[in-house]
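Here is the structure we will look at.
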Amino acid sequence: MPADLAAFDRLATPLFWLDAEGRITALNPAFASWLGVSARRLIGLGLAELDGGERIASALPRVPYDEQALRLQRVGLGFGGLTARFADVWCVREGGGVRVELHPVEEFPGEDPVTALPQALSASLRGLAHELRNPLAGLKGAAQLLSRRTSDADSRELVGLIASEVERLNGLVDRILHPAAPRPFEPMNIHAVLERVRQLAEAEAGWSVKVVRDYDPSLPDLLGDADRLTQAVWNLVRNALESGATTVGLRTRAEHQVLIGDRSHRLAVRVEVGDDGRGVPEDLVERLFLPLVSGRADGTGLGLPLAQQIAREHGGSLAYRSRPGHTVFTVLLPLPDPDEDLEAAP
């Protein structure tokens, strides 16, 4: 801890100091302001109590003793469920503890890949759809030939199943190659979307997963496409189920004076999908929202990019924080200004 903390209070760089046990002993106002938490709540906290703090904690034994800084890139820090902030972290030994400097950065290095997501995702899906057309045509022809040569009822039923699934996939390919125009947004209740997703989750996972709801019933309606938002939230929940979660939480809250991209909104809905699964693999942290990137051998890598794209379609955003046993995806959706006509399409 510095002898003259007041000298650091005037700095715009967020700073805090840790003791030998990894607890916060002092901080400057810039750190409390950057994190969005009062200084009084942060004093005495261990790094493990900060979302993302375990990454700094694991690096502390490697901090040099010669006053050289140990640098960590793009560490996400949050507290109490607040949206994580990202910074490059410099750790320097000072006395019997460590001084931690935070140099705020964007969540993604360079250009946010999500800004190019619609074009990248569209190109990837169209290429995949073209590749699927020929084998689907072959499967359809083979099913038709088999149906003519098959006489028993059981075999004909199986052939019919093959044919119907091929037709379903052909319909999906056609929708990818020739997408329909987006539907105009309508007033909708976000909790109706979440209840629909809850029913899907309970039907798929059954008793093996507990779905916990924590809704703010005072939230007003927002303008959106209920089907698209259902798809987005279901993708997040299904991702949680596939990560081995035994509990999935659906939570809604109001956010005031929110900045989404470069636009400020007086009020927004925050939807959180939390789970106690394995978390996001370290090697996927910076590529998670890119299309066709998956941490599972049987994964398509399309669920999260589509959820991100749908959030952007609604003027919102999708972010996450994750560690093993605690992952939270947060969707921010702006609400219409009270002075605007809710019935008006955007």
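We name chains A, B, ... following the order of the structure tokens; residues begin at 1 in each chain, and ligands are numbered from 1 as shown.
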Query - Backbone DSSP call of helix (DSSP H, G or I) for stretch 154-200 of chain A, listed as an NGL selection string - result: :A and (154-177 or 190-200)
For N, CA and C atoms, I'd like the residues from the last selection saved as an mmCIF file, in the first residue's frame.
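Heads up, here's the output in again.cif:
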```cif
data_model
loop_
_atom_site.group_PDB
_atom_site.id
_atom_site.type_symbol
_atom_site.label_atom_id
_atom_site.label_comp_id
_atom_site.auth_asym_id
_atom_site.auth_seq_id
_atom_site.Cartn_x
_atom_site.Cartn_y
_atom_site.Cartn_z
ATOM 1 N N ASP A 154 -42.452 -51.510 -41.756
ATOM 2 C CA ASP A 154 -41.424 -50.884 -40.924
ATOM 3 C C ASP A 154 -40.360 -50.204 -41.767
ATOM 4 N N SER A 155 -39.926 -50.881 -42.822
ATOM 5 C CA SER A 155 -38.904 -50.299 -43.687
ATOM 6 C C SER A 155 -39.423 -49.070 -44.414
ATOM 7 N N ARG A 156 -40.679 -49.126 -44.852
ATOM 8 C CA ARG A 156 -41.258 -47.973 -45.540
ATOM 9 C C ARG A 156 -41.371 -46.776 -44.592
ATOM 10 N N GLU A 157 -41.641 -47.067 -43.325
ATOM 11 C CA GLU A 157 -41.726 -45.972 -42.347
ATOM 12 C C GLU A 157 -40.365 -45.302 -42.164
ATOM 13 N N LEU A 158 -39.313 -46.114 -42.091
ATOM 14 C CA LEU A 158 -37.966 -45.560 -41.944
ATOM 15 C C LEU A 158 -37.555 -44.768 -43.180
ATOM 16 N N VAL A 159 -37.892 -45.273 -44.364
ATOM 17 C CA VAL A 159 -37.582 -44.549 -45.593
ATOM 18 C C VAL A 159 -38.344 -43.226 -45.631
ATOM 19 N N GLY A 160 -39.593 -43.262 -45.176
ATOM 20 C CA GLY A 160 -40.378 -42.026 -45.114
ATOM 21 C C GLY A 160 -39.767 -41.009 -44.166
ATOM 22 N N LEU A 161 -39.191 -41.504 -43.057
ATOM 23 C CA LEU A 161 -38.529 -40.609 -42.115
ATOM 24 C C LEU A 161 -37.314 -39.943 -42.763
ATOM 25 N N ILE A 162 -36.539 -40.750 -43.508
ATOM 26 C CA ILE A 162 -35.383 -40.187 -44.217
ATOM 27 C C ILE A 162 -35.837 -39.105 -45.189
ATOM 28 N N ALA A 163 -36.887 -39.400 -45.952
ATOM 29 C CA ALA A 163 -37.364 -38.445 -46.953
ATOM 30 C C ALA A 163 -37.856 -37.152 -46.290
ATOM 31 N N SER A 164 -38.575 -37.270 -45.177
ATOM 32 C CA SER A 164 -39.099 -36.073 -44.522
ATOM 33 C C SER A 164 -37.982 -35.221 -43.924
ATOM 34 N N GLU A 165 -36.944 -35.869 -43.386
ATOM 35 C CA GLU A 165 -35.815 -35.118 -42.841
ATOM 36 C C GLU A 165 -35.021 -34.437 -43.943
ATOM 37 N N VAL A 166 -34.894 -35.102 -45.093
ATOM 38 C CA VAL A 166 -34.223 -34.475 -46.228
ATOM 39 C C VAL A 166 -34.994 -33.247 -46.676
ATOM 40 N N GLU A 167 -36.331 -33.344 -46.705
ATOM 41 C CA GLU A 167 -37.139 -32.195 -47.094
ATOM 42 C C GLU A 167 -36.985 -31.052 -46.092
ATOM 43 N N ARG A 168 -36.901 -31.391 -44.816
ATOM 44 C CA ARG A 168 -36.727 -30.351 -43.795
ATOM 45 C C ARG A 168 -35.390 -29.640 -43.987
ATOM 46 N N LEU A 169 -34.331 -30.413 -44.247
ATOM 47 C CA LEU A 169 -33.022 -29.811 -44.468
ATOM 48 C C LEU A 169 -32.995 -28.986 -45.753
ATOM 49 N N ASN A 170 -33.698 -29.464 -46.777
ATOM 50 C CA ASN A 170 -33.780 -28.681 -48.012
ATOM 51 C C ASN A 170 -34.461 -27.338 -47.754
ATOM 52 N N GLY A 171 -35.491 -27.354 -46.918
ATOM 53 C CA GLY A 171 -36.166 -26.102 -46.574
ATOM 54 C C GLY A 171 -35.245 -25.153 -45.828
ATOM 55 N N LEU A 172 -34.422 -25.709 -44.933
ATOM 56 C CA LEU A 172 -33.464 -24.888 -44.200
ATOM 57 C C LEU A 172 -32.425 -24.287 -45.144
ATOM 58 N N VAL A 173 -31.933 -25.100 -46.077
ATOM 59 C CA VAL A 173 -30.962 -24.603 -47.056
ATOM 60 C C VAL A 173 -31.567 -23.479 -47.890
ATOM 61 N N ASP A 174 -32.837 -23.651 -48.309
ATOM 62 C CA ASP A 174 -33.486 -22.605 -49.109
ATOM 63 C C ASP A 174 -33.630 -21.307 -48.316
ATOM 64 N N ARG A 175 -33.935 -21.424 -47.014
ATOM 65 C CA ARG A 175 -34.083 -20.211 -46.202
ATOM 66 C C ARG A 175 -32.748 -19.502 -46.022
ATOM 67 N N ILE A 176 -31.644 -20.281 -45.998
ATOM 68 C CA ILE A 176 -30.316 -19.666 -45.880
ATOM 69 C C ILE A 176 -29.941 -18.953 -47.173
ATOM 70 N N LEU A 177 -30.199 -19.619 -48.296
ATOM 71 C CA LEU A 177 -29.814 -19.043 -49.583
ATOM 72 C C LEU A 177 -30.756 -17.926 -50.023
ATOM 73 N N ILE A 190 -40.714 -9.586 -22.593
ATOM 74 C CA ILE A 190 -39.531 -10.442 -22.587
ATOM 75 C C ILE A 190 -39.754 -11.701 -21.760
ATOM 76 N N HIS A 191 -40.627 -11.629 -20.764
ATOM 77 C CA HIS A 191 -40.832 -12.805 -19.913
ATOM 78 C C HIS A 191 -41.602 -13.907 -20.637
ATOM 79 N N ALA A 192 -42.430 -13.523 -21.616
ATOM 80 C CA ALA A 192 -43.085 -14.546 -22.431
ATOM 81 C C ALA A 192 -42.051 -15.329 -23.226
ATOM 82 N N VAL A 193 -41.021 -14.623 -23.714
ATOM 83 C CA VAL A 193 -39.924 -15.288 -24.422
ATOM 84 C C VAL A 193 -39.188 -16.239 -23.493
ATOM 85 N N LEU A 194 -38.871 -15.780 -22.284
ATOM 86 C CA LEU A 194 -38.112 -16.605 -21.343
ATOM 87 C C LEU A 194 -38.909 -17.815 -20.889
ATOM 88 N N GLU A 195 -40.212 -17.663 -20.726
ATOM 89 C CA GLU A 195 -41.032 -18.814 -20.327
ATOM 90 C C GLU A 195 -41.083 -19.861 -21.437
ATOM 91 N N ARG A 196 -41.116 -19.400 -22.664
ATOM 92 C CA ARG A 196 -41.086 -20.347 -23.789
ATOM 93 C C ARG A 196 -39.767 -21.106 -23.811
ATOM 94 N N VAL A 197 -38.672 -20.390 -23.571
ATOM 95 C CA VAL A 197 -37.360 -21.035 -23.531
ATOM 96 C C VAL A 197 -37.278 -22.004 -22.354
ATOM 97 N N ARG A 198 -37.838 -21.613 -21.216
ATOM 98 C CA ARG A 198 -37.825 -22.508 -20.048
ATOM 99 C C ARG A 198 -38.527 -23.828 -20.358
ATOM 100 N N GLN A 199 -39.660 -23.749 -21.045
ATOM 101 C CA GLN A 199 -40.379 -24.966 -21.399
ATOM 102 C C GLN A 199 -39.559 -25.847 -22.331
ATOM 103 N N LEU A 200 -38.869 -25.221 -23.286
ATOM 104 C CA LEU A 200 -38.006 -25.994 -24.182
ATOM 105 C C LEU A 200 -36.879 -26.672 -23.406
#
```
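Proximity to A:His314 was assessed for A:Pro184, A:Pro281, A:His256, A:His326 counting only C-alpha atoms; the smallest distance is recorded for A:Pro184.
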Query raised in the report: Leaving out A:Arg228 and any residue of its chain fewer than 4 positions from it, which residues lie within 10 Å of it when counting only C-alpha atoms, given as number ranges by chain?
Result: A: 182-183, 193, 224, 232-234, 306-307, 310-311, 313-314
Output file for the residues above (all heavy atoms, as a CSV table (one decimal), in the first residue's frame):
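again03.csv, freshly written:
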```
chain,number,residue,atom,x,y,z
A,182,PRO,N,-36.9,-9.4,-42.9
A,182,PRO,CA,-37.2,-9.4,-41.5
A,182,PRO,C,-38.6,-8.9,-41.2
A,182,PRO,O,-39.1,-7.9,-41.9
A,182,PRO,CB,-36.1,-8.5,-40.9
A,182,PRO,CG,-35.6,-7.7,-42.1
A,182,PRO,CD,-35.8,-8.6,-43.3
A,183,ARG,N,-39.2,-9.4,-40.2
A,183,ARG,CA,-40.6,-8.9,-39.8
A,183,ARG,C,-40.5,-7.6,-39.0
A,183,ARG,O,-39.5,-7.4,-38.3
A,183,ARG,CB,-41.3,-10.0,-39.0
A,183,ARG,CG,-41.5,-11.3,-39.7
A,183,ARG,CD,-42.4,-12.2,-38.9
A,183,ARG,NE,-41.7,-12.6,-37.7
A,183,ARG,CZ,-42.3,-13.4,-36.8
A,183,ARG,NH1,-43.5,-14.0,-37.0
A,183,ARG,NH2,-41.7,-13.7,-35.6
A,193,VAL,N,-41.0,-14.6,-23.7
A,193,VAL,CA,-39.9,-15.3,-24.4
A,193,VAL,C,-39.2,-16.2,-23.5
A,193,VAL,O,-38.9,-17.4,-23.8
A,193,VAL,CB,-39.0,-14.2,-25.0
A,193,VAL,CG1,-37.6,-14.9,-25.4
A,193,VAL,CG2,-39.6,-13.5,-26.2
A,224,GLY,N,-39.7,-5.8,-30.6
A,224,GLY,CA,-38.9,-6.8,-31.0
A,224,GLY,C,-39.6,-7.9,-31.8
A,224,GLY,O,-40.8,-7.8,-32.0
A,232,ALA,N,-32.6,-16.7,-29.9
A,232,ALA,CA,-31.3,-16.2,-29.3
A,232,ALA,C,-31.1,-16.8,-27.9
A,232,ALA,O,-30.1,-17.3,-27.5
A,232,ALA,CB,-31.3,-14.7,-29.3
A,233,VAL,N,-32.2,-16.6,-27.1
A,233,VAL,CA,-32.1,-17.0,-25.7
A,233,VAL,C,-32.0,-18.6,-25.6
A,233,VAL,O,-31.3,-19.1,-24.8
A,233,VAL,CB,-33.3,-16.5,-24.8
A,233,VAL,CG1,-33.2,-17.0,-23.4
A,233,VAL,CG2,-33.3,-15.0,-24.9
A,234,TRP,N,-32.7,-19.3,-26.5
A,234,TRP,CA,-32.7,-20.7,-26.5
A,234,TRP,C,-31.3,-21.2,-26.8
A,234,TRP,O,-30.7,-22.2,-26.3
A,234,TRP,CB,-33.7,-21.3,-27.4
A,234,TRP,CG,-33.6,-22.8,-27.6
A,234,TRP,CD1,-33.5,-23.4,-28.8
A,234,TRP,CD2,-33.6,-23.8,-26.6
A,234,TRP,NE1,-33.5,-24.8,-28.6
A,234,TRP,CE2,-33.5,-25.0,-27.3
A,234,TRP,CE3,-33.6,-23.8,-25.2
A,234,TRP,CZ2,-33.4,-26.3,-26.6
A,234,TRP,CZ3,-33.5,-25.0,-24.6
A,234,TRP,CH2,-33.5,-26.2,-25.3
A,306,LEU,N,-25.3,-16.5,-33.8
A,306,LEU,CA,-26.7,-16.1,-34.2
A,306,LEU,C,-27.3,-15.4,-33.0
A,306,LEU,O,-28.0,-14.4,-33.3
A,306,LEU,CB,-27.5,-17.4,-34.5
A,306,LEU,CG,-27.2,-18.0,-35.8
A,306,LEU,CD1,-27.9,-19.4,-36.0
A,306,LEU,CD2,-27.7,-17.1,-37.0
A,307,ALA,N,-27.0,-15.8,-31.8
A,307,ALA,CA,-27.6,-15.0,-30.6
A,307,ALA,C,-27.0,-13.6,-30.6
A,307,ALA,O,-27.8,-12.6,-30.4
A,307,ALA,CB,-27.3,-15.7,-29.3
A,310,ILE,N,-28.8,-11.6,-33.4
A,310,ILE,CA,-30.2,-11.2,-33.1
A,310,ILE,C,-30.2,-10.1,-32.1
A,310,ILE,O,-31.0,-9.2,-32.2
A,310,ILE,CB,-30.9,-12.5,-32.6
A,310,ILE,CG1,-31.1,-13.5,-33.7
A,310,ILE,CG2,-32.3,-12.1,-32.0
A,310,ILE,CD1,-31.5,-14.9,-33.2
A,311,ALA,N,-29.3,-10.1,-31.1
A,311,ALA,CA,-29.2,-9.0,-30.2
A,311,ALA,C,-28.9,-7.7,-30.9
A,311,ALA,O,-29.5,-6.7,-30.6
A,311,ALA,CB,-28.2,-9.3,-29.1
A,313,GLU,N,-29.6,-7.0,-34.0
A,313,GLU,CA,-30.7,-6.7,-34.8
A,313,GLU,C,-31.7,-5.8,-34.0
A,313,GLU,O,-32.4,-5.0,-34.5
A,313,GLU,CB,-31.5,-7.9,-35.3
A,313,GLU,CG,-30.7,-8.7,-36.4
A,313,GLU,CD,-31.4,-10.0,-36.7
A,313,GLU,OE1,-32.5,-10.3,-36.1
A,313,GLU,OE2,-30.9,-10.8,-37.5
A,314,HIS,N,-31.8,-6.1,-32.7
A,314,HIS,CA,-32.7,-5.3,-31.8
A,314,HIS,C,-32.0,-4.1,-31.2
A,314,HIS,O,-32.5,-3.6,-30.2
A,314,HIS,CB,-33.2,-6.3,-30.7
A,314,HIS,CG,-34.2,-7.3,-31.2
A,314,HIS,ND1,-33.8,-8.4,-31.9
A,314,HIS,CD2,-35.5,-7.4,-31.1
A,314,HIS,CE1,-34.9,-9.1,-32.3
A,314,HIS,NE2,-35.9,-8.5,-31.8
```
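Between A:Gly277 and the residues A:Gly81, A:Gly244, A:Gly53, A:Gly95, the shortest atom-to-atom distance, using only C-alpha atoms, involves A:Gly244.
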Report summary line: Across A:Trp17, A:Phe329, A:Phe86, A:Phe185, the smallest distance to A:Leu47, with only C-alpha atoms counted, is shown by A:Trp17
**Report entry** Non-local contacts of A:Val212 (10 Å; only C-alpha atoms; under 5 positions in same chain excluded) as an MDAnalysis selection string
**Finding:** chainID A and resid 198 247:251 273:275
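Take the candidates A:His265, A:Trp34, A:Arg40, A:Ala48 and check each one against A:Thr83 using only C-alpha atoms; the shortest distance goes to A:Trp34.
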Requested in this report: Find the residues near A:Ala87: any atom within 12 Å, counting only C-alpha atoms, skip ones fewer than 2 places away on the same chain, and give them as JSON, numbers by chain.
Outcome: {"A": [13, 14, 15, 31, 34, 35, 52, 53, 56, 71, 72, 73, 74, 75, 76, 77, 78, 84, 85, 89, 90, 100, 101, 102, 103, 104, 105, 106, 107, 108, 109]}
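Atom to atom, atom CA of A:Val92 and atom CA of A:Gly46 stand 17.5 Å apart.
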Requested in this report: Using only C-alpha atoms, pick whichever of A:Phe8, A:Phe79, A:Phe16, A:Tyr320 has the shortest atom-to-atom distance to A:Val271.
Outcome: A:Tyr320
